[in-house]
file my_file15.pdb (PDB, N, CA, C and O atoms and all ligand atoms)
MODEL        1
ATOM      1  N   MET A 934       3.692 -11.556  10.182
ATOM      2  CA  MET A 934       2.318 -11.058  10.058
ATOM      3  C   MET A 934       1.417 -12.170   9.523
ATOM      4  O   MET A 934       1.770 -12.842   8.573
ATOM      5  N   SER A 935       0.310 -12.365  10.157
ATOM      6  CA  SER A 935      -0.556 -13.469   9.779
ATOM      7  C   SER A 935      -1.424 -13.142   8.565
ATOM      8  O   SER A 935      -1.644 -13.995   7.710
ATOM      9  N   GLU A 936      -1.902 -11.918   8.506
ATOM     10  CA  GLU A 936      -2.808 -11.551   7.429
ATOM     11  C   GLU A 936      -2.038 -11.136   6.176
ATOM     12  O   GLU A 936      -1.049 -10.403   6.254
ATOM     13  N   ALA A 937      -2.487 -11.606   5.015
ATOM     14  CA  ALA A 937      -1.811 -11.285   3.769
ATOM     15  C   ALA A 937      -2.118  -9.853   3.353
ATOM     16  O   ALA A 937      -3.232  -9.372   3.514
ATOM     17  N   LEU A 938      -1.112  -9.187   2.836
ATOM     18  CA  LEU A 938      -1.282  -7.810   2.392
ATOM     19  C   LEU A 938      -1.498  -7.774   0.892
ATOM     20  O   LEU A 938      -0.874  -8.522   0.144
ATOM     21  N   LYS A 939      -2.393  -6.873   0.483
ATOM     22  CA  LYS A 939      -2.630  -6.713  -0.947
ATOM     23  C   LYS A 939      -1.414  -6.056  -1.583
ATOM     24  O   LYS A 939      -0.651  -5.375  -0.897
ATOM     25  N   PRO A 940      -1.261  -6.235  -2.893
ATOM     26  CA  PRO A 940      -0.129  -5.603  -3.578
ATOM     27  C   PRO A 940      -0.161  -4.079  -3.403
ATOM     28  O   PRO A 940      -1.216  -3.505  -3.181
ATOM     29  N   CYS A 941       0.994  -3.461  -3.513
ATOM     30  CA  CYS A 941       1.077  -2.009  -3.391
ATOM     31  C   CYS A 941       0.261  -1.347  -4.508
ATOM     32  O   CYS A 941       0.432  -1.678  -5.680
ATOM     33  N   PRO A 942      -0.641  -0.404  -4.155
ATOM     34  CA  PRO A 942      -1.459   0.252  -5.169
ATOM     35  C   PRO A 942      -0.674   1.238  -6.019
ATOM     36  O   PRO A 942      -1.144   1.683  -7.064
ATOM     37  N   PHE A 943       0.527   1.569  -5.601
ATOM     38  CA  PHE A 943       1.311   2.563  -6.331
ATOM     39  C   PHE A 943       2.288   1.937  -7.319
ATOM     40  O   PHE A 943       2.400   2.361  -8.449
ATOM     41  N   CYS A 944       3.018   0.926  -6.882
ATOM     42  CA  CYS A 944       4.016   0.319  -7.765
ATOM     43  C   CYS A 944       3.636  -1.101  -8.180
ATOM     44  O   CYS A 944       4.290  -1.691  -9.023
ATOM     45  N   GLY A 945       2.596  -1.656  -7.552
ATOM     46  CA  GLY A 945       2.158  -2.989  -7.926
ATOM     47  C   GLY A 945       2.962  -4.114  -7.304
ATOM     48  O   GLY A 945       2.762  -5.277  -7.653
ATOM     49  N   ASN A 946       3.861  -3.777  -6.387
ATOM     50  CA  ASN A 946       4.666  -4.807  -5.741
ATOM     51  C   ASN A 946       3.783  -5.818  -5.010
ATOM     52  O   ASN A 946       2.932  -5.455  -4.214
ATOM     53  N   LYS A 947       4.017  -7.082  -5.290
ATOM     54  CA  LYS A 947       3.230  -8.146  -4.668
ATOM     55  C   LYS A 947       4.028  -8.888  -3.604
ATOM     56  O   LYS A 947       3.484  -9.694  -2.870
ATOM     57  N   LYS A 948       5.306  -8.647  -3.536
ATOM     58  CA  LYS A 948       6.159  -9.400  -2.608
ATOM     59  C   LYS A 948       5.905  -8.968  -1.166
ATOM     60  O   LYS A 948       6.154  -7.822  -0.796
ATOM     61  N   GLN A 949       5.432  -9.946  -0.358
ATOM     62  CA  GLN A 949       5.131  -9.653   1.046
ATOM     63  C   GLN A 949       6.380  -9.177   1.795
ATOM     64  O   GLN A 949       6.295  -8.433   2.762
ATOM     65  N   ALA A 950       7.538  -9.626   1.337
ATOM     66  CA  ALA A 950       8.792  -9.247   1.991
ATOM     67  C   ALA A 950       9.028  -7.738   1.938
ATOM     68  O   ALA A 950       9.715  -7.175   2.785
ATOM     69  N   PHE A 951       8.441  -7.073   0.939
ATOM     70  CA  PHE A 951       8.625  -5.626   0.802
ATOM     71  C   PHE A 951       7.458  -4.842   1.393
ATOM     72  O   PHE A 951       7.451  -3.621   1.367
ATOM     73  N   LEU A 952       6.465  -5.570   1.904
ATOM     74  CA  LEU A 952       5.308  -4.910   2.523
ATOM     75  C   LEU A 952       5.364  -5.206   4.017
ATOM     76  O   LEU A 952       5.132  -6.327   4.442
ATOM     77  N   LYS A 953       5.705  -4.201   4.794
ATOM     78  CA  LYS A 953       5.909  -4.439   6.226
ATOM     79  C   LYS A 953       5.320  -3.349   7.084
ATOM     80  O   LYS A 953       5.161  -2.210   6.651
ATOM     81  N   LEU A 954       5.080  -3.745   8.341
ATOM     82  CA  LEU A 954       4.625  -2.779   9.326
ATOM     83  C   LEU A 954       5.816  -1.876   9.669
ATOM     84  O   LEU A 954       6.904  -2.352   9.948
ATOM     85  N   ASP A 955       5.584  -0.576   9.584
ATOM     86  CA  ASP A 955       6.639   0.382   9.896
ATOM     87  C   ASP A 955       6.122   1.351  10.955
ATOM     88  O   ASP A 955       4.932   1.391  11.244
ATOM     89  N   LYS A 956       7.035   2.127  11.525
ATOM     90  CA  LYS A 956       6.682   3.038  12.615
ATOM     91  C   LYS A 956       7.318   4.392  12.358
ATOM     92  O   LYS A 956       8.487   4.463  11.958
ATOM     93  N   ASP A 957       6.539   5.454  12.557
ATOM     94  CA  ASP A 957       7.134   6.775  12.372
ATOM     95  C   ASP A 957       7.711   7.280  13.695
ATOM     96  O   ASP A 957       7.642   6.609  14.728
ATOM     97  N   VAL A 958       8.292   8.478  13.669
ATOM     98  CA  VAL A 958       8.976   9.005  14.855
ATOM     99  C   VAL A 958       8.020   9.315  16.005
ATOM    100  O   VAL A 958       8.444   9.491  17.145
ATOM    101  N   TYR A 959       6.724   9.404  15.694
ATOM    102  CA  TYR A 959       5.736   9.695  16.736
ATOM    103  C   TYR A 959       5.127   8.428  17.336
ATOM    104  O   TYR A 959       4.257   8.499  18.188
ATOM    105  N   GLY A 960       5.564   7.271  16.865
ATOM    106  CA  GLY A 960       5.041   6.019  17.393
ATOM    107  C   GLY A 960       3.788   5.543  16.694
ATOM    108  O   GLY A 960       3.065   4.702  17.222
ATOM    109  N   ASN A 961       3.513   6.114  15.527
ATOM    110  CA  ASN A 961       2.367   5.655  14.743
ATOM    111  C   ASN A 961       2.814   4.526  13.823
ATOM    112  O   ASN A 961       3.892   4.598  13.227
ATOM    113  N   PHE A 962       1.979   3.512  13.712
ATOM    114  CA  PHE A 962       2.299   2.378  12.857
ATOM    115  C   PHE A 962       1.540   2.454  11.545
ATOM    116  O   PHE A 962       0.446   3.003  11.479
ATOM    117  N   PHE A 963       2.128   1.904  10.530
ATOM    118  CA  PHE A 963       1.491   1.866   9.210
ATOM    119  C   PHE A 963       2.182   0.816   8.361
ATOM    120  O   PHE A 963       3.314   0.431   8.647
ATOM    121  N   ILE A 964       1.474   0.375   7.331
ATOM    122  CA  ILE A 964       2.080  -0.564   6.394
ATOM    123  C   ILE A 964       2.826   0.237   5.343
ATOM    124  O   ILE A 964       2.273   1.178   4.782
ATOM    125  N   ARG A 965       4.079  -0.126   5.127
ATOM    126  CA  ARG A 965       4.867   0.570   4.121
ATOM    127  C   ARG A 965       5.295  -0.407   3.029
ATOM    128  O   ARG A 965       5.590  -1.565   3.297
ATOM    129  N   CYS A 966       5.304   0.120   1.811
ATOM    130  CA  CYS A 966       5.867  -0.639   0.697
ATOM    131  C   CYS A 966       7.329  -0.237   0.618
ATOM    132  O   CYS A 966       7.647   0.913   0.319
ATOM    133  N   PHE A 967       8.216  -1.167   0.949
ATOM    134  CA  PHE A 967       9.641  -0.846   0.947
ATOM    135  C   PHE A 967      10.241  -0.871  -0.456
ATOM    136  O   PHE A 967      11.438  -0.641  -0.629
ATOM    137  N   TRP A 968       9.392  -1.130  -1.442
ATOM    138  CA  TRP A 968       9.870  -1.087  -2.821
ATOM    139  C   TRP A 968       9.800   0.340  -3.345
ATOM    140  O   TRP A 968      10.753   0.859  -3.903
ATOM    141  N   CYS A 969       8.646   1.019  -3.132
ATOM    142  CA  CYS A 969       8.489   2.381  -3.655
ATOM    143  C   CYS A 969       8.359   3.424  -2.546
ATOM    144  O   CYS A 969       8.418   4.610  -2.807
ATOM    145  N   GLY A 970       8.167   2.995  -1.318
ATOM    146  CA  GLY A 970       8.107   3.946  -0.211
ATOM    147  C   GLY A 970       6.709   4.396   0.163
ATOM    148  O   GLY A 970       6.549   5.192   1.081
ATOM    149  N   ALA A 971       5.688   3.923  -0.542
ATOM    150  CA  ALA A 971       4.313   4.308  -0.236
ATOM    151  C   ALA A 971       3.908   3.763   1.131
ATOM    152  O   ALA A 971       4.350   2.693   1.545
ATOM    153  N   GLY A 972       3.081   4.531   1.826
ATOM    154  CA  GLY A 972       2.648   4.103   3.150
ATOM    155  C   GLY A 972       1.145   4.156   3.298
ATOM    156  O   GLY A 972       0.465   4.960   2.656
ATOM    157  N   GLY A 973       0.607   3.306   4.163
ATOM    158  CA  GLY A 973      -0.812   3.286   4.449
ATOM    159  C   GLY A 973      -1.173   4.256   5.566
ATOM    160  O   GLY A 973      -0.357   5.064   5.989
ATOM    161  N   ARG A 974      -2.396   4.143   6.046
ATOM    162  CA  ARG A 974      -2.886   5.048   7.082
ATOM    163  C   ARG A 974      -2.123   4.841   8.390
ATOM    164  O   ARG A 974      -1.794   3.723   8.767
ATOM    165  N   LEU A 975      -1.867   5.958   9.076
ATOM    166  CA  LEU A 975      -1.181   5.897  10.366
ATOM    167  C   LEU A 975      -2.138   5.440  11.453
ATOM    168  O   LEU A 975      -3.277   5.887  11.520
ATOM    169  N   VAL A 976      -1.650   4.545  12.304
ATOM    170  CA  VAL A 976      -2.451   4.065  13.427
ATOM    171  C   VAL A 976      -1.627   4.214  14.706
ATOM    172  O   VAL A 976      -0.505   3.722  14.792
ATOM    173  N   SER A 977      -2.174   4.917  15.682
ATOM    174  CA  SER A 977      -1.473   5.129  16.944
ATOM    175  C   SER A 977      -1.585   3.914  17.850
ATOM    176  O   SER A 977      -2.687   3.440  18.135
ATOM    177  N   LYS A 978      -0.430   3.443  18.302
ATOM    178  CA  LYS A 978      -0.412   2.297  19.216
ATOM    179  C   LYS A 978      -1.007   2.696  20.565
ATOM    180  O   LYS A 978      -1.628   1.888  21.260
ATOM    181  N   ALA A 979      -0.837   3.961  20.932
ATOM    182  CA  ALA A 979      -1.303   4.449  22.230
ATOM    183  C   ALA A 979      -2.822   4.417  22.360
ATOM    184  O   ALA A 979      -3.352   4.190  23.447
ATOM    185  N   ILE A 980      -3.526   4.676  21.274
ATOM    186  CA  ILE A 980      -4.985   4.741  21.360
ATOM    187  C   ILE A 980      -5.667   3.538  20.710
ATOM    188  O   ILE A 980      -6.879   3.412  20.761
ATOM    189  N   ASN A 981      -4.891   2.659  20.070
ATOM    190  CA  ASN A 981      -5.493   1.510  19.406
ATOM    191  C   ASN A 981      -4.649   0.264  19.671
ATOM    192  O   ASN A 981      -3.590   0.080  19.089
ATOM    193  N   ALA A 982      -5.137  -0.586  20.580
ATOM    194  CA  ALA A 982      -4.396  -1.793  20.946
ATOM    195  C   ALA A 982      -4.261  -2.753  19.772
ATOM    196  O   ALA A 982      -3.320  -3.525  19.684
ATOM    197  N   ALA A 983      -5.226  -2.705  18.870
ATOM    198  CA  ALA A 983      -5.194  -3.574  17.686
ATOM    199  C   ALA A 983      -4.576  -2.829  16.509
ATOM    200  O   ALA A 983      -4.998  -2.970  15.366
ATOM    201  N   TYR A 984      -3.530  -2.048  16.815
ATOM    202  CA  TYR A 984      -2.923  -1.189  15.778
ATOM    203  C   TYR A 984      -2.417  -1.962  14.570
ATOM    204  O   TYR A 984      -2.545  -1.510  13.436
ATOM    205  N   LYS A 985      -1.872  -3.157  14.829
ATOM    206  CA  LYS A 985      -1.332  -3.948  13.732
ATOM    207  C   LYS A 985      -2.440  -4.354  12.759
ATOM    208  O   LYS A 985      -2.321  -4.193  11.553
ATOM    209  N   LYS A 986      -3.531  -4.875  13.345
ATOM    210  CA  LYS A 986      -4.660  -5.327  12.552
ATOM    211  C   LYS A 986      -5.291  -4.161  11.795
ATOM    212  O   LYS A 986      -5.663  -4.283  10.632
ATOM    213  N   THR A 987      -5.401  -3.017  12.489
ATOM    214  CA  THR A 987      -6.003  -1.842  11.879
ATOM    215  C   THR A 987      -5.157  -1.331  10.712
ATOM    216  O   THR A 987      -5.679  -0.968   9.666
ATOM    217  N   ALA A 988      -3.832  -1.333  10.898
ATOM    218  CA  ALA A 988      -2.938  -0.869   9.843
ATOM    219  C   ALA A 988      -3.027  -1.779   8.616
ATOM    220  O   ALA A 988      -3.032  -1.307   7.479
ATOM    221  N   ILE A 989      -3.129  -3.084   8.865
ATOM    222  CA  ILE A 989      -3.260  -4.046   7.764
ATOM    223  C   ILE A 989      -4.593  -3.845   7.052
ATOM    224  O   ILE A 989      -4.657  -3.801   5.823
ATOM    225  N   ALA A 990      -5.671  -3.678   7.842
ATOM    226  CA  ALA A 990      -7.000  -3.479   7.257
ATOM    227  C   ALA A 990      -7.037  -2.200   6.435
ATOM    228  O   ALA A 990      -7.627  -2.158   5.353
ATOM    229  N   ALA A 991      -6.364  -1.147   6.931
ATOM    230  CA  ALA A 991      -6.341   0.126   6.219
ATOM    231  C   ALA A 991      -5.590  -0.003   4.898
ATOM    232  O   ALA A 991      -5.959   0.601   3.893
ATOM    233  N   TRP A 992      -4.528  -0.803   4.909
ATOM    234  CA  TRP A 992      -3.752  -1.013   3.685
ATOM    235  C   TRP A 992      -4.572  -1.800   2.663
ATOM    236  O   TRP A 992      -4.532  -1.513   1.468
ATOM    237  N   ASN A 993      -5.301  -2.774   3.145
ATOM    238  CA  ASN A 993      -6.052  -3.640   2.243
ATOM    239  C   ASN A 993      -7.399  -3.061   1.812
ATOM    240  O   ASN A 993      -8.000  -3.537   0.864
ATOM    241  N   MET A 994      -7.873  -2.024   2.542
ATOM    242  CA  MET A 994      -9.183  -1.460   2.255
ATOM    243  C   MET A 994      -9.067  -0.299   1.259
ATOM    244  O   MET A 994      -8.654   0.790   1.603
ATOM    245  N   ARG A 995      -9.401  -0.563   0.027
ATOM    246  CA  ARG A 995      -9.370   0.491  -0.987
ATOM    247  C   ARG A 995     -10.061   0.009  -2.234
ATOM    248  O   ARG A 995     -10.244  -1.191  -2.447
ATOM    249  N   LYS A 996     -10.396   0.944  -3.068
ATOM    250  CA  LYS A 996     -10.976   0.580  -4.349
ATOM    251  C   LYS A 996      -9.830   0.250  -5.295
ATOM    252  O   LYS A 996      -8.782   0.887  -5.243
ATOM    253  N   GLU A 997     -10.028  -0.750  -6.106
ATOM    254  CA  GLU A 997      -8.998  -1.079  -7.077
ATOM    255  C   GLU A 997      -8.985   0.028  -8.136
ATOM    256  O   GLU A 997     -10.015   0.432  -8.640
ATOM    257  N   ALA A 998      -7.818   0.521  -8.424
ATOM    258  CA  ALA A 998      -7.691   1.592  -9.403
ATOM    259  C   ALA A 998      -7.966   1.067 -10.811
ATOM    260  O   ALA A 998      -7.512  -0.007 -11.179
ATOM    261  N   ALA A 999      -8.729   1.856 -11.565
ATOM    262  CA  ALA A 999      -8.999   1.487 -12.949
ATOM    263  C   ALA A 999      -7.843   1.939 -13.817
ATOM    264  O   ALA A 999      -7.289   3.004 -13.609
ATOM    265  N   GLU A1000      -7.490   1.147 -14.768
ATOM    266  CA  GLU A1000      -6.362   1.498 -15.654
ATOM    267  C   GLU A1000      -6.740   2.663 -16.554
ATOM    268  O   GLU A1000      -7.849   2.732 -17.050
TER     269      GLU A1000
HETATM  270 ZN    ZN B1101       4.955   0.238  -3.754
ENDMDL
END

call {"tool": "encode", "arguments": {"input": "my_file15.pdb", "output": "structure tokens"}}
result
Amino acid sequence: MSEALKPCPFCGNKKQAFLKLDKDVYGNFFIRCFWCGAGGRLVSKAINAAYKKTAIAAWNMRKEAAE
């Protein structure tokens, strides 16, 4: 993956190796944190050719949580 992923908002994992594009049984793609299991927004490959980019953007697009 070319674009860097932000750390997981749930567990704080920063390791890119644990942040990967995953696919559900319906063929929807999303970024998953393989450390805690949290997932980003689902993006359908069938209706969005730029599904990878969209899934990454969805993962990175959020407000930083206040402590
Ligand atoms: Zn996580």

call {"tool": "closest_residue", "arguments": {"input": "my_file15.pdb", "among": "A:Asp957, A:Cys941, A:Phe951, A:Val976", "to": "A:Ala991", "atoms": "only C-alpha atoms"}}
result
A:Val976

call {"tool": "closest_residue", "arguments": {"input": "my_file15.pdb", "among": "A:Leu954, A:Cys944, A:Ile980, A:Ile989", "to": "ligand ZN 1101 (chain B)", "atoms": "all atoms listed in the file"}}
result
A:Cys944

call {"tool": "select_by_dssp", "arguments": {"input": "my_file15.pdb", "residues": "chain A", "states": "helix (DSSP H, G or I)", "output": "mmCIF file with N, CA, C and O atoms, in the coordinates of the input"}}
result
data_model
loop_
_atom_site.group_PDB
_atom_site.id
_atom_site.type_symbol
_atom_site.label_atom_id
_atom_site.label_comp_id
_atom_site.auth_asym_id
_atom_site.auth_seq_id
_atom_site.Cartn_x
_atom_site.Cartn_y
_atom_site.Cartn_z
ATOM 1 N N GLN A 949 5.432 -9.946 -0.358
ATOM 2 C CA GLN A 949 5.131 -9.653 1.046
ATOM 3 C C GLN A 949 6.380 -9.177 1.795
ATOM 4 O O GLN A 949 6.295 -8.433 2.762
ATOM 5 N N ALA A 950 7.538 -9.626 1.337
ATOM 6 C CA ALA A 950 8.792 -9.247 1.991
ATOM 7 C C ALA A 950 9.028 -7.738 1.938
ATOM 8 O O ALA A 950 9.715 -7.175 2.785
ATOM 9 N N PHE A 951 8.441 -7.073 0.939
ATOM 10 C CA PHE A 951 8.625 -5.626 0.802
ATOM 11 C C PHE A 951 7.458 -4.842 1.393
ATOM 12 O O PHE A 951 7.451 -3.621 1.367
ATOM 13 N N TYR A 984 -3.530 -2.048 16.815
ATOM 14 C CA TYR A 984 -2.923 -1.189 15.778
ATOM 15 C C TYR A 984 -2.417 -1.962 14.570
ATOM 16 O O TYR A 984 -2.545 -1.510 13.436
ATOM 17 N N LYS A 985 -1.872 -3.157 14.829
ATOM 18 C CA LYS A 985 -1.332 -3.948 13.732
ATOM 19 C C LYS A 985 -2.440 -4.354 12.759
ATOM 20 O O LYS A 985 -2.321 -4.193 11.553
ATOM 21 N N LYS A 986 -3.531 -4.875 13.345
ATOM 22 C CA LYS A 986 -4.660 -5.327 12.552
ATOM 23 C C LYS A 986 -5.291 -4.161 11.795
ATOM 24 O O LYS A 986 -5.663 -4.283 10.632
ATOM 25 N N THR A 987 -5.401 -3.017 12.489
ATOM 26 C CA THR A 987 -6.003 -1.842 11.879
ATOM 27 C C THR A 987 -5.157 -1.331 10.712
ATOM 28 O O THR A 987 -5.679 -0.968 9.666
ATOM 29 N N ALA A 988 -3.832 -1.333 10.898
ATOM 30 C CA ALA A 988 -2.938 -0.869 9.843
ATOM 31 C C ALA A 988 -3.027 -1.779 8.616
ATOM 32 O O ALA A 988 -3.032 -1.307 7.479
ATOM 33 N N ILE A 989 -3.129 -3.084 8.865
ATOM 34 C CA ILE A 989 -3.260 -4.046 7.764
ATOM 35 C C ILE A 989 -4.593 -3.845 7.052
ATOM 36 O O ILE A 989 -4.657 -3.801 5.823
ATOM 37 N N ALA A 990 -5.671 -3.678 7.842
ATOM 38 C CA ALA A 990 -7.000 -3.479 7.257
ATOM 39 C C ALA A 990 -7.037 -2.200 6.435
ATOM 40 O O ALA A 990 -7.627 -2.158 5.353
ATOM 41 N N ALA A 991 -6.364 -1.147 6.931
ATOM 42 C CA ALA A 991 -6.341 0.126 6.219
ATOM 43 C C ALA A 991 -5.590 -0.003 4.898
ATOM 44 O O ALA A 991 -5.959 0.601 3.893
ATOM 45 N N TRP A 992 -4.528 -0.803 4.909
ATOM 46 C CA TRP A 992 -3.752 -1.013 3.685
ATOM 47 C C TRP A 992 -4.572 -1.800 2.663
ATOM 48 O O TRP A 992 -4.532 -1.513 1.468
ATOM 49 N N ASN A 993 -5.301 -2.774 3.145
ATOM 50 C CA ASN A 993 -6.052 -3.640 2.243
ATOM 51 C C ASN A 993 -7.399 -3.061 1.812
ATOM 52 O O ASN A 993 -8.000 -3.537 0.864
#

call {"tool": "closest_atom_pairs", "arguments": {"input": "my_file15.pdb", "of": "chain A", "to": "ligand ZN 1101 (chain B)", "cutoff": "6 Å", "atoms": "all atoms listed in the file", "output": "tab-separated table"}}
result
residue	atom	partner	partner_atom	distance
A:Cys941	CA	B:ZN1101	ZN	4.5
A:Pro942	N	B:ZN1101	ZN	5.6
A:Phe943	C	B:ZN1101	ZN	4.8
A:Cys944	N	B:ZN1101	ZN	3.7
A:Gly945	N	B:ZN1101	ZN	4.9
A:Asn946	N	B:ZN1101	ZN	4.9
A:Cys966	CA	B:ZN1101	ZN	4.6
A:Phe967	N	B:ZN1101	ZN	5.9
A:Trp968	C	B:ZN1101	ZN	4.9
A:Cys969	N	B:ZN1101	ZN	3.8
A:Gly970	N	B:ZN1101	ZN	4.9
A:Ala971	N	B:ZN1101	ZN	4.9

call {"tool": "write_last_selection", "arguments": {"input": "my_file15.pdb", "atoms": "N, CA, C and O atoms", "output": "PDB file, in the frame of the given file"}}
result
ATOM      1  N   CYS A 941       0.994  -3.461  -3.513  1.00  0.00           N
ATOM      2  CA  CYS A 941       1.077  -2.009  -3.391  1.00  0.00           C
ATOM      3  C   CYS A 941       0.261  -1.347  -4.508  1.00  0.00           C
ATOM      4  O   CYS A 941       0.432  -1.678  -5.680  1.00  0.00           O
ATOM      5  N   PRO A 942      -0.641  -0.404  -4.155  1.00  0.00           N
ATOM      6  CA  PRO A 942      -1.459   0.252  -5.169  1.00  0.00           C
ATOM      7  C   PRO A 942      -0.674   1.238  -6.019  1.00  0.00           C
ATOM      8  O   PRO A 942      -1.144   1.683  -7.064  1.00  0.00           O
ATOM      9  N   PHE A 943       0.527   1.569  -5.601  1.00  0.00           N
ATOM     10  CA  PHE A 943       1.311   2.563  -6.331  1.00  0.00           C
ATOM     11  C   PHE A 943       2.288   1.937  -7.319  1.00  0.00           C
ATOM     12  O   PHE A 943       2.400   2.361  -8.449  1.00  0.00           O
ATOM     13  N   CYS A 944       3.018   0.926  -6.882  1.00  0.00           N
ATOM     14  CA  CYS A 944       4.016   0.319  -7.765  1.00  0.00           C
ATOM     15  C   CYS A 944       3.636  -1.101  -8.180  1.00  0.00           C
ATOM     16  O   CYS A 944       4.290  -1.691  -9.023  1.00  0.00           O
ATOM     17  N   GLY A 945       2.596  -1.656  -7.552  1.00  0.00           N
ATOM     18  CA  GLY A 945       2.158  -2.989  -7.926  1.00  0.00           C
ATOM     19  C   GLY A 945       2.962  -4.114  -7.304  1.00  0.00           C
ATOM     20  O   GLY A 945       2.762  -5.277  -7.653  1.00  0.00           O
ATOM     21  N   ASN A 946       3.861  -3.777  -6.387  1.00  0.00           N
ATOM     22  CA  ASN A 946       4.666  -4.807  -5.741  1.00  0.00           C
ATOM     23  C   ASN A 946       3.783  -5.818  -5.010  1.00  0.00           C
ATOM     24  O   ASN A 946       2.932  -5.455  -4.214  1.00  0.00           O
ATOM     25  N   CYS A 966       5.304   0.120   1.811  1.00  0.00           N
ATOM     26  CA  CYS A 966       5.867  -0.639   0.697  1.00  0.00           C
ATOM     27  C   CYS A 966       7.329  -0.237   0.618  1.00  0.00           C
ATOM     28  O   CYS A 966       7.647   0.913   0.319  1.00  0.00           O
ATOM     29  N   PHE A 967       8.216  -1.167   0.949  1.00  0.00           N
ATOM     30  CA  PHE A 967       9.641  -0.846   0.947  1.00  0.00           C
ATOM     31  C   PHE A 967      10.241  -0.871  -0.456  1.00  0.00           C
ATOM     32  O   PHE A 967      11.438  -0.641  -0.629  1.00  0.00           O
ATOM     33  N   TRP A 968       9.392  -1.130  -1.442  1.00  0.00           N
ATOM     34  CA  TRP A 968       9.870  -1.087  -2.821  1.00  0.00           C
ATOM     35  C   TRP A 968       9.800   0.340  -3.345  1.00  0.00           C
ATOM     36  O   TRP A 968      10.753   0.859  -3.903  1.00  0.00           O
ATOM     37  N   CYS A 969       8.646   1.019  -3.132  1.00  0.00           N
ATOM     38  CA  CYS A 969       8.489   2.381  -3.655  1.00  0.00           C
ATOM     39  C   CYS A 969       8.359   3.424  -2.546  1.00  0.00           C
ATOM     40  O   CYS A 969       8.418   4.610  -2.807  1.00  0.00           O
ATOM     41  N   GLY A 970       8.167   2.995  -1.318  1.00  0.00           N
ATOM     42  CA  GLY A 970       8.107   3.946  -0.211  1.00  0.00           C
ATOM     43  C   GLY A 970       6.709   4.396   0.163  1.00  0.00           C
ATOM     44  O   GLY A 970       6.549   5.192   1.081  1.00  0.00           O
ATOM     45  N   ALA A 971       5.688   3.923  -0.542  1.00  0.00           N
ATOM     46  CA  ALA A 971       4.313   4.308  -0.236  1.00  0.00           C
ATOM     47  C   ALA A 971       3.908   3.763   1.131  1.00  0.00           C
ATOM     48  O   ALA A 971       4.350   2.693   1.545  1.00  0.00           O
TER      49      ALA A 971
END

call {"tool": "atom_distance", "arguments": {"input": "my_file15.pdb", "atom1": "atom CA of A:Glu936", "atom2": "atom CA of A:Ala990"}}
result
9.1 Å
